[in-house]
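This is final.cif (mmCIF, C-alpha atoms, pLDDT in the B column; chains and numbers go by the auth columns).
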data_model
#
loop_
_atom_site.group_PDB
_atom_site.id
_atom_site.type_symbol
_atom_site.label_atom_id
_atom_site.label_comp_id
_atom_site.label_asym_id
_atom_site.label_seq_id
_atom_site.Cartn_x
_atom_site.Cartn_y
_atom_site.Cartn_z
_atom_site.B_iso_or_equiv
_atom_site.auth_seq_id
_atom_site.auth_asym_id
ATOM 1 C CA MET A 1 0.000 0.000 0.000 54.00 1 A
ATOM 2 C CA ASN A 2 1.512 3.311 -1.011 60.00 2 A
ATOM 3 C CA GLY A 3 1.488 6.428 1.155 58.00 3 A
ATOM 4 C CA LYS A 4 -1.320 8.143 -0.745 64.00 4 A
ATOM 5 C CA THR A 5 -3.696 5.183 -0.364 61.00 5 A
ATOM 6 C CA HIS A 6 -2.829 4.910 3.321 58.00 6 A
ATOM 7 C CA ARG A 7 -3.585 8.628 3.829 57.00 7 A
ATOM 8 C CA GLN A 8 -6.882 8.316 1.954 58.00 8 A
ATOM 9 C CA ARG A 9 -8.055 5.451 4.164 60.00 9 A
ATOM 10 C CA LEU A 10 -7.240 7.393 7.316 61.00 10 A
ATOM 11 C CA TRP A 11 -8.759 10.685 6.161 55.00 11 A
ATOM 12 C CA ARG A 12 -11.164 10.833 9.092 55.00 12 A
ATOM 13 C CA TRP A 13 -8.258 10.832 11.533 60.00 13 A
ATOM 14 C CA ARG A 14 -6.357 13.693 9.860 65.00 14 A
ATOM 15 C CA SER A 15 -6.656 17.285 10.892 72.00 15 A
ATOM 16 C CA ASN A 16 -8.893 18.953 8.342 72.00 16 A
ATOM 17 C CA PRO A 17 -10.854 22.211 8.526 73.00 17 A
ATOM 18 C CA LEU A 18 -13.896 20.444 6.988 73.00 18 A
ATOM 19 C CA ARG A 19 -13.806 17.564 9.466 76.00 19 A
ATOM 20 C CA ARG A 20 -16.589 17.723 11.998 80.00 20 A
ATOM 21 C CA HIS A 21 -16.852 16.145 15.428 83.00 21 A
ATOM 22 C CA GLU A 22 -19.379 13.671 13.996 84.00 22 A
ATOM 23 C CA ASP A 23 -16.772 12.476 11.465 83.00 23 A
ATOM 24 C CA VAL A 24 -14.328 11.588 14.245 85.00 24 A
ATOM 25 C CA VAL A 25 -17.085 9.864 16.242 89.00 25 A
ATOM 26 C CA GLU A 26 -18.093 7.880 13.156 90.00 26 A
ATOM 27 C CA ALA A 27 -14.491 6.810 12.563 88.00 27 A
ATOM 28 C CA TRP A 28 -14.279 5.510 16.122 91.00 28 A
ATOM 29 C CA ILE A 29 -17.602 3.701 15.756 94.00 29 A
ATOM 30 C CA VAL A 30 -16.380 1.921 12.616 93.00 30 A
ATOM 31 C CA LEU A 31 -13.055 1.033 14.255 93.00 31 A
ATOM 32 C CA VAL A 32 -14.744 -0.366 17.372 95.00 32 A
ATOM 33 C CA MET A 33 -17.251 -2.288 15.236 96.00 33 A
ATOM 34 C CA TRP A 34 -14.438 -3.980 13.294 96.00 34 A
ATOM 35 C CA LEU A 35 -12.577 -4.801 16.502 96.00 35 A
ATOM 36 C CA VAL A 36 -15.721 -6.357 17.973 97.00 36 A
ATOM 37 C CA VAL A 37 -16.369 -8.319 14.770 97.00 37 A
ATOM 38 C CA LEU A 38 -12.809 -9.612 14.371 97.00 38 A
ATOM 39 C CA VAL A 39 -11.631 -10.093 17.939 97.00 39 A
ATOM 40 C CA GLY A 40 -14.996 -10.666 19.605 97.00 40 A
ATOM 41 C CA GLY A 41 -16.152 -12.925 16.781 96.00 41 A
ATOM 42 C CA ALA A 42 -13.071 -15.119 17.108 97.00 42 A
ATOM 43 C CA ILE A 43 -13.500 -15.337 20.880 98.00 43 A
ATOM 44 C CA VAL A 44 -17.237 -16.067 20.687 98.00 44 A
ATOM 45 C CA TRP A 45 -16.684 -18.682 17.968 97.00 45 A
ATOM 46 C CA THR A 46 -13.993 -20.436 20.004 97.00 46 A
ATOM 47 C CA VAL A 47 -15.861 -20.351 23.320 97.00 47 A
ATOM 48 C CA THR A 48 -19.139 -21.529 21.788 97.00 48 A
ATOM 49 C CA ALA A 49 -17.509 -24.292 19.746 97.00 49 A
ATOM 50 C CA ARG A 50 -15.602 -25.579 22.786 97.00 50 A
ATOM 51 C CA ALA A 51 -18.705 -25.493 24.988 97.00 51 A
ATOM 52 C CA ALA A 52 -20.720 -27.399 22.371 96.00 52 A
ATOM 53 C CA ASP A 53 -17.924 -29.926 21.879 95.00 53 A
ATOM 54 C CA GLU A 54 -17.696 -30.492 25.651 95.00 54 A
ATOM 55 C CA GLU A 55 -21.468 -30.976 25.840 95.00 55 A
ATOM 56 C CA PHE A 56 -21.348 -33.531 23.027 95.00 56 A
ATOM 57 C CA ALA A 57 -18.477 -35.320 24.811 94.00 57 A
ATOM 58 C CA ARG A 58 -20.518 -35.443 28.060 94.00 58 A
ATOM 59 C CA GLU A 59 -23.428 -36.828 26.047 93.00 59 A
ATOM 60 C CA ARG A 60 -21.235 -39.570 24.559 93.00 60 A
ATOM 61 C CA ALA A 61 -19.823 -40.447 27.986 93.00 61 A
ATOM 62 C CA ASP A 62 -23.294 -40.565 29.602 92.00 62 A
ATOM 63 C CA ARG A 63 -25.146 -42.645 26.982 91.00 63 A
ATOM 64 C CA HIS A 64 -24.601 -46.297 26.224 90.00 64 A
ATOM 65 C CA ALA A 65 -26.076 -48.836 23.834 91.00 65 A
ATOM 66 C CA VAL A 66 -28.401 -51.571 25.093 91.00 66 A
ATOM 67 C CA SER A 67 -29.765 -54.567 23.209 92.00 67 A
ATOM 68 C CA ALA A 68 -33.572 -54.655 23.166 93.00 68 A
ATOM 69 C CA VAL A 69 -36.378 -56.724 21.663 93.00 69 A
ATOM 70 C CA LEU A 70 -38.987 -55.067 19.481 90.00 70 A
ATOM 71 C CA LEU A 71 -42.519 -55.616 20.842 90.00 71 A
ATOM 72 C CA THR A 72 -44.410 -53.954 17.961 87.00 72 A
ATOM 73 C CA ASP A 73 -44.015 -53.993 14.180 84.00 73 A
ATOM 74 C CA THR A 74 -42.484 -50.952 12.479 82.00 74 A
ATOM 75 C CA LEU A 75 -43.715 -51.378 8.944 74.00 75 A
ATOM 76 C CA LEU A 76 -43.956 -47.679 8.117 69.00 76 A
ATOM 77 C CA ASP A 77 -42.186 -46.267 5.069 68.00 77 A
ATOM 78 C CA THR A 78 -40.084 -43.861 7.105 74.00 78 A
ATOM 79 C CA ASN A 79 -36.479 -43.937 8.188 79.00 79 A
ATOM 80 C CA ARG A 80 -37.314 -44.355 11.879 82.00 80 A
ATOM 81 C CA ALA A 81 -40.563 -45.282 13.567 84.00 81 A
ATOM 82 C CA PRO A 82 -41.793 -45.187 17.153 85.00 82 A
ATOM 83 C CA ALA A 83 -42.105 -48.651 18.665 89.00 83 A
ATOM 84 C CA LYS A 84 -42.392 -50.430 21.990 92.00 84 A
ATOM 85 C CA VAL A 85 -39.223 -52.230 23.115 93.00 85 A
ATOM 86 C CA ARG A 86 -38.144 -54.389 26.061 93.00 86 A
ATOM 87 C CA TRP A 87 -34.635 -54.581 27.500 90.00 87 A
ATOM 88 C CA THR A 88 -32.840 -55.825 30.580 87.00 88 A
ATOM 89 C CA ALA A 89 -30.931 -53.229 32.582 82.00 89 A
ATOM 90 C CA ALA A 90 -27.478 -53.792 34.076 78.00 90 A
ATOM 91 C CA ASP A 91 -29.076 -54.570 37.478 81.00 91 A
ATOM 92 C CA GLY A 92 -31.201 -57.357 35.898 83.00 92 A
ATOM 93 C CA THR A 93 -34.543 -55.534 35.893 86.00 93 A
ATOM 94 C CA ILE A 94 -36.701 -55.703 32.766 90.00 94 A
ATOM 95 C CA HIS A 95 -37.909 -52.424 31.289 90.00 95 A
ATOM 96 C CA THR A 96 -40.439 -51.581 28.601 92.00 96 A
ATOM 97 C CA ASP A 97 -40.753 -48.219 26.845 90.00 97 A
ATOM 98 C CA ARG A 98 -41.350 -46.531 23.481 90.00 98 A
ATOM 99 C CA THR A 99 -38.512 -45.205 21.367 88.00 99 A
ATOM 100 C CA GLY A 100 -37.540 -44.604 17.762 86.00 100 A
ATOM 101 C CA VAL A 101 -36.165 -47.649 15.930 88.00 101 A
ATOM 102 C CA PRO A 102 -35.341 -48.411 12.278 86.00 102 A
ATOM 103 C CA ALA A 103 -38.513 -48.816 10.217 85.00 103 A
ATOM 104 C CA GLY A 104 -39.486 -52.036 8.475 84.00 104 A
ATOM 105 C CA LEU A 105 -38.809 -54.434 11.363 85.00 105 A
ATOM 106 C CA ALA A 106 -41.184 -57.060 12.697 86.00 106 A
ATOM 107 C CA SER A 107 -42.040 -57.745 16.297 88.00 107 A
ATOM 108 C CA GLY A 108 -39.376 -59.865 18.020 90.00 108 A
ATOM 109 C CA ALA A 109 -36.454 -58.336 16.129 90.00 109 A
ATOM 110 C CA LYS A 110 -33.350 -57.347 18.081 94.00 110 A
ATOM 111 C CA VAL A 111 -32.620 -53.613 18.050 92.00 111 A
ATOM 112 C CA THR A 112 -30.085 -51.371 19.708 91.00 112 A
ATOM 113 C CA VAL A 113 -31.467 -48.610 21.917 91.00 113 A
ATOM 114 C CA TRP A 114 -29.629 -45.951 23.916 91.00 114 A
ATOM 115 C CA GLN A 115 -29.873 -45.213 27.634 89.00 115 A
ATOM 116 C CA ASP A 116 -28.698 -42.206 29.575 88.00 116 A
ATOM 117 C CA GLY A 117 -26.997 -42.401 32.957 84.00 117 A
ATOM 118 C CA THR A 118 -30.355 -42.561 34.768 85.00 118 A
ATOM 119 C CA GLY A 119 -31.536 -45.583 32.764 82.00 119 A
ATOM 120 C CA HIS A 120 -34.054 -43.705 30.585 86.00 120 A
ATOM 121 C CA LEU A 121 -34.173 -44.263 26.841 88.00 121 A
ATOM 122 C CA THR A 122 -32.702 -41.462 24.792 88.00 122 A
ATOM 123 C CA THR A 123 -31.322 -40.806 21.345 88.00 123 A
ATOM 124 C CA GLU A 124 -27.983 -42.041 20.068 89.00 124 A
ATOM 125 C CA PRO A 125 -25.202 -39.624 20.968 92.00 125 A
ATOM 126 C CA THR A 126 -23.607 -37.532 18.263 92.00 126 A
ATOM 127 C CA SER A 127 -20.443 -39.160 16.908 92.00 127 A
ATOM 128 C CA GLY A 128 -17.066 -37.464 17.366 89.00 128 A
ATOM 129 C CA ALA A 129 -16.780 -36.158 13.794 93.00 129 A
ATOM 130 C CA GLU A 130 -20.396 -34.981 13.687 94.00 130 A
ATOM 131 C CA ALA A 131 -19.992 -33.348 17.098 95.00 131 A
ATOM 132 C CA ARG A 132 -16.933 -31.397 15.952 95.00 132 A
ATOM 133 C CA ALA A 133 -18.735 -30.253 12.794 96.00 133 A
ATOM 134 C CA GLU A 134 -21.817 -29.208 14.749 96.00 134 A
ATOM 135 C CA ALA A 135 -19.675 -27.452 17.352 96.00 135 A
ATOM 136 C CA LEU A 136 -17.975 -25.460 14.589 96.00 136 A
ATOM 137 C CA LEU A 137 -21.372 -24.578 13.117 97.00 137 A
ATOM 138 C CA PHE A 138 -22.659 -23.447 16.517 97.00 138 A
ATOM 139 C CA GLY A 139 -19.524 -21.332 16.964 97.00 139 A
ATOM 140 C CA GLY A 140 -19.944 -19.839 13.499 97.00 140 A
ATOM 141 C CA ALA A 141 -23.586 -19.040 14.190 97.00 141 A
ATOM 142 C CA ALA A 142 -22.654 -17.322 17.457 97.00 142 A
ATOM 143 C CA ALA A 143 -19.945 -15.300 15.690 97.00 143 A
ATOM 144 C CA ALA A 144 -22.390 -14.368 12.922 97.00 144 A
ATOM 145 C CA ALA A 145 -24.922 -13.248 15.531 98.00 145 A
ATOM 146 C CA LEU A 146 -22.290 -11.070 17.207 97.00 146 A
ATOM 147 C CA THR A 147 -21.308 -9.649 13.812 97.00 147 A
ATOM 148 C CA GLY A 148 -24.923 -8.804 13.023 97.00 148 A
ATOM 149 C CA LEU A 149 -25.394 -7.184 16.416 97.00 149 A
ATOM 150 C CA ALA A 150 -22.193 -5.143 16.090 97.00 150 A
ATOM 151 C CA TYR A 151 -22.988 -4.087 12.530 97.00 151 A
ATOM 152 C CA GLY A 152 -26.593 -3.194 13.389 97.00 152 A
ATOM 153 C CA THR A 153 -25.549 -1.154 16.413 97.00 153 A
ATOM 154 C CA ALA A 154 -22.906 0.683 14.392 96.00 154 A
ATOM 155 C CA ALA A 155 -25.398 1.313 11.570 96.00 155 A
ATOM 156 C CA LEU A 156 -27.909 2.813 14.008 96.00 156 A
ATOM 157 C CA ALA A 157 -25.240 5.030 15.562 95.00 157 A
ATOM 158 C CA ARG A 158 -24.027 6.159 12.133 94.00 158 A
ATOM 159 C CA ARG A 159 -27.597 6.878 11.064 95.00 159 A
ATOM 160 C CA ARG A 160 -28.050 9.111 14.098 95.00 160 A
ATOM 161 C CA LEU A 161 -24.789 10.904 13.237 93.00 161 A
ATOM 162 C CA ASP A 162 -26.037 11.387 9.662 92.00 162 A
ATOM 163 C CA ARG A 163 -29.244 12.947 10.993 93.00 163 A
ATOM 164 C CA GLN A 164 -27.204 15.308 13.146 91.00 164 A
ATOM 165 C CA ARG A 165 -25.059 16.252 10.135 88.00 165 A
ATOM 166 C CA TYR A 166 -28.143 16.845 7.970 91.00 166 A
ATOM 167 C CA GLU A 167 -29.700 19.050 10.632 91.00 167 A
ATOM 168 C CA GLN A 168 -26.446 20.962 11.004 88.00 168 A
ATOM 169 C CA TRP A 169 -26.099 21.384 7.236 87.00 169 A
ATOM 170 C CA GLY A 170 -29.736 22.506 7.029 89.00 170 A
ATOM 171 C CA ALA A 171 -29.169 25.147 9.698 89.00 171 A
ATOM 172 C CA GLU A 172 -26.042 26.354 7.885 84.00 172 A
ATOM 173 C CA TRP A 173 -27.940 26.545 4.567 86.00 173 A
ATOM 174 C CA ASP A 174 -30.771 28.450 6.270 86.00 174 A
ATOM 175 C CA ALA A 175 -28.225 30.962 7.559 85.00 175 A
ATOM 176 C CA ALA A 176 -26.336 31.279 4.253 82.00 176 A
ATOM 177 C CA GLY A 177 -29.314 31.100 1.878 76.00 177 A
ATOM 178 C CA PRO A 178 -30.721 34.623 2.486 75.00 178 A
ATOM 179 C CA ARG A 179 -27.333 36.184 1.723 75.00 179 A
ATOM 180 C CA TRP A 180 -27.368 34.534 -1.715 75.00 180 A
ATOM 181 C CA ASP A 181 -30.793 35.901 -2.620 68.00 181 A
ATOM 182 C CA HIS A 182 -29.527 39.473 -2.908 65.00 182 A
ATOM 183 C CA LYS A 183 -29.135 40.681 -6.443 62.00 183 A
ATOM 184 C CA THR A 184 -25.848 42.123 -7.439 57.00 184 A
ATOM 185 C CA GLY A 185 -26.143 45.413 -8.915 50.00 185 A
#
Just give me the structure of the file as structure tokens.
Amino acid sequence: MNGKTHRQRLWRWRSNPLRRHEDVVEAWIVLVMWLVVLVGGAIVWTVTARAADEEFARERADRHAVSAVLLTDTLLDTNRAPAKVRWTAADGTIHTDRTGVPAGLASGAKVTVWQDGTGHLTTEPTSGAEARAEALLFGGAAAAALTGLAYGTAALARRRLDRQRYEQWGAEWDAAGPRWDHKTG
């Protein structure tokens, strides 16, 4: 970047007789917005992605597969269907409940169901690769939300500054306009 381009990009920071207070305030607003977007976005993305990844890891540690017997047919044309299943818990007790199982199975078929740490049926935990991808998506969504909030706040502040400038220019035109109406003679 040459010196002229650098000076043009920083014109709001230079001393200039035409520069108004609102111009300096606007330059600071834009600078702070970009800092929030870049630094804050990276922090929010990282924190959110790590929190989601830790939650997925807790989910994988808490849930375990259990072999069950299907008590009802699942002959629907869907990917998964609700069905009644029976399984034996680690303590030897027999449990019966409804859960989603692969469709197209007949009663008596063996299926794998998932239990949480309290012994209740739950969904299969997210795999490691899927969990990392989802964690990154959650982080990206959080960073995008912060970016939208920062941009929207800066846009509102800049709009208010524009209104102030328009009002100031209008007052200056009202003061200067009558002097221009005189005919030269």
*asked:* Would you pick out the contacts of Glu54 of chain A at 10 Å or less, using only C-alpha atoms, so that residues sharing its chain but fewer than 6 positions from it are not included, and give the list as a PyMOL selection string?
replied: chain A and resi 48+60+131-132+135
_Which residues, named as in the file, does the PyMOL selection byres ((chain A and resi 77-88) around 6) pick out? Answer as a ChimeraX atom specification._
/A:68-72,76,89,92-103
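Comparing the minimum interatomic distances between Leu137 of chain A and each of A:Ala49, A:Val44, A:Val37, A:Val32, counting only C-alpha atoms, we find that A:Ala49 sits nearest.
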*Grab the atom CA of Asp73 of chain A to atom CA of Gly119 of chain A distance for me, in Å with one decimal place.*
23.9 Å
To verify the selection step, state as a compact mmCIF listing (two decimals) with C-alpha atoms, in the coordinates of the input which residues the PyMOL selection byres ((chain A and resi 160-165) around 9) yields on this input.
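Okay, this is what ended up in out_25.txt:
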# COMPACT_ATOMS: atom_id res chain seq x y z
CA ARG A 20 -16.59 17.72 12.00
CA GLU A 22 -19.38 13.67 14.00
CA ASP A 23 -16.77 12.48 11.46
CA VAL A 25 -17.08 9.86 16.24
CA GLU A 26 -18.09 7.88 13.16
CA ALA A 155 -25.40 1.31 11.57
CA LEU A 156 -27.91 2.81 14.01
CA ALA A 157 -25.24 5.03 15.56
CA ARG A 158 -24.03 6.16 12.13
CA ARG A 159 -27.60 6.88 11.06
CA TYR A 166 -28.14 16.84 7.97
CA GLU A 167 -29.70 19.05 10.63
CA GLN A 168 -26.45 20.96 11.00
CA TRP A 169 -26.10 21.38 7.24
CA GLY A 170 -29.74 22.51 7.03
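Among the candidates A:Ala150, A:Leu75, A:Ala57, A:Ala142, the one nearest to Ala106 of chain A when counting all atoms listed in the file is A:Leu75.
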*How would you write, as number ranges by chain, the residues chosen by the PyMOL selection byres ((chain A and resi 125) around 7) on this structure?*
A: 59-60, 63, 123-124, 126-127
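The interatomic distance for the pair atom CA of Ala65 of chain A and atom CA of Ala52 of chain A works out to 22.1 Å.
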_Gap from atom CA of Arg50 of chain A to atom CA of Thr147 of chain A - Å, one decimal_ = 19.2 Å
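Using only C-alpha atoms, the smallest distance between any of A:Ala143, A:Ala154, A:Gly177, A:Ala171 and Val39 of chain A comes from A:Ala143.
Using only C-alpha atoms, the shortest contact distance between Gly117 of chain A and any of A:Val24, A:Ala42, A:Ala175, A:Ala61 is found at A:Ala61.
With only C-alpha atoms as the atoms that count, the residue of A:Thr46, A:Ala90, A:His120, A:Tyr151 with the shortest distance to Phe138 of chain A is A:Thr46.
Distances to Asp62 of chain A were evaluated for A:Thr118, A:Ala144, A:Leu136, A:Ala129 using only C-alpha atoms, and the minimum falls at A:Thr118.
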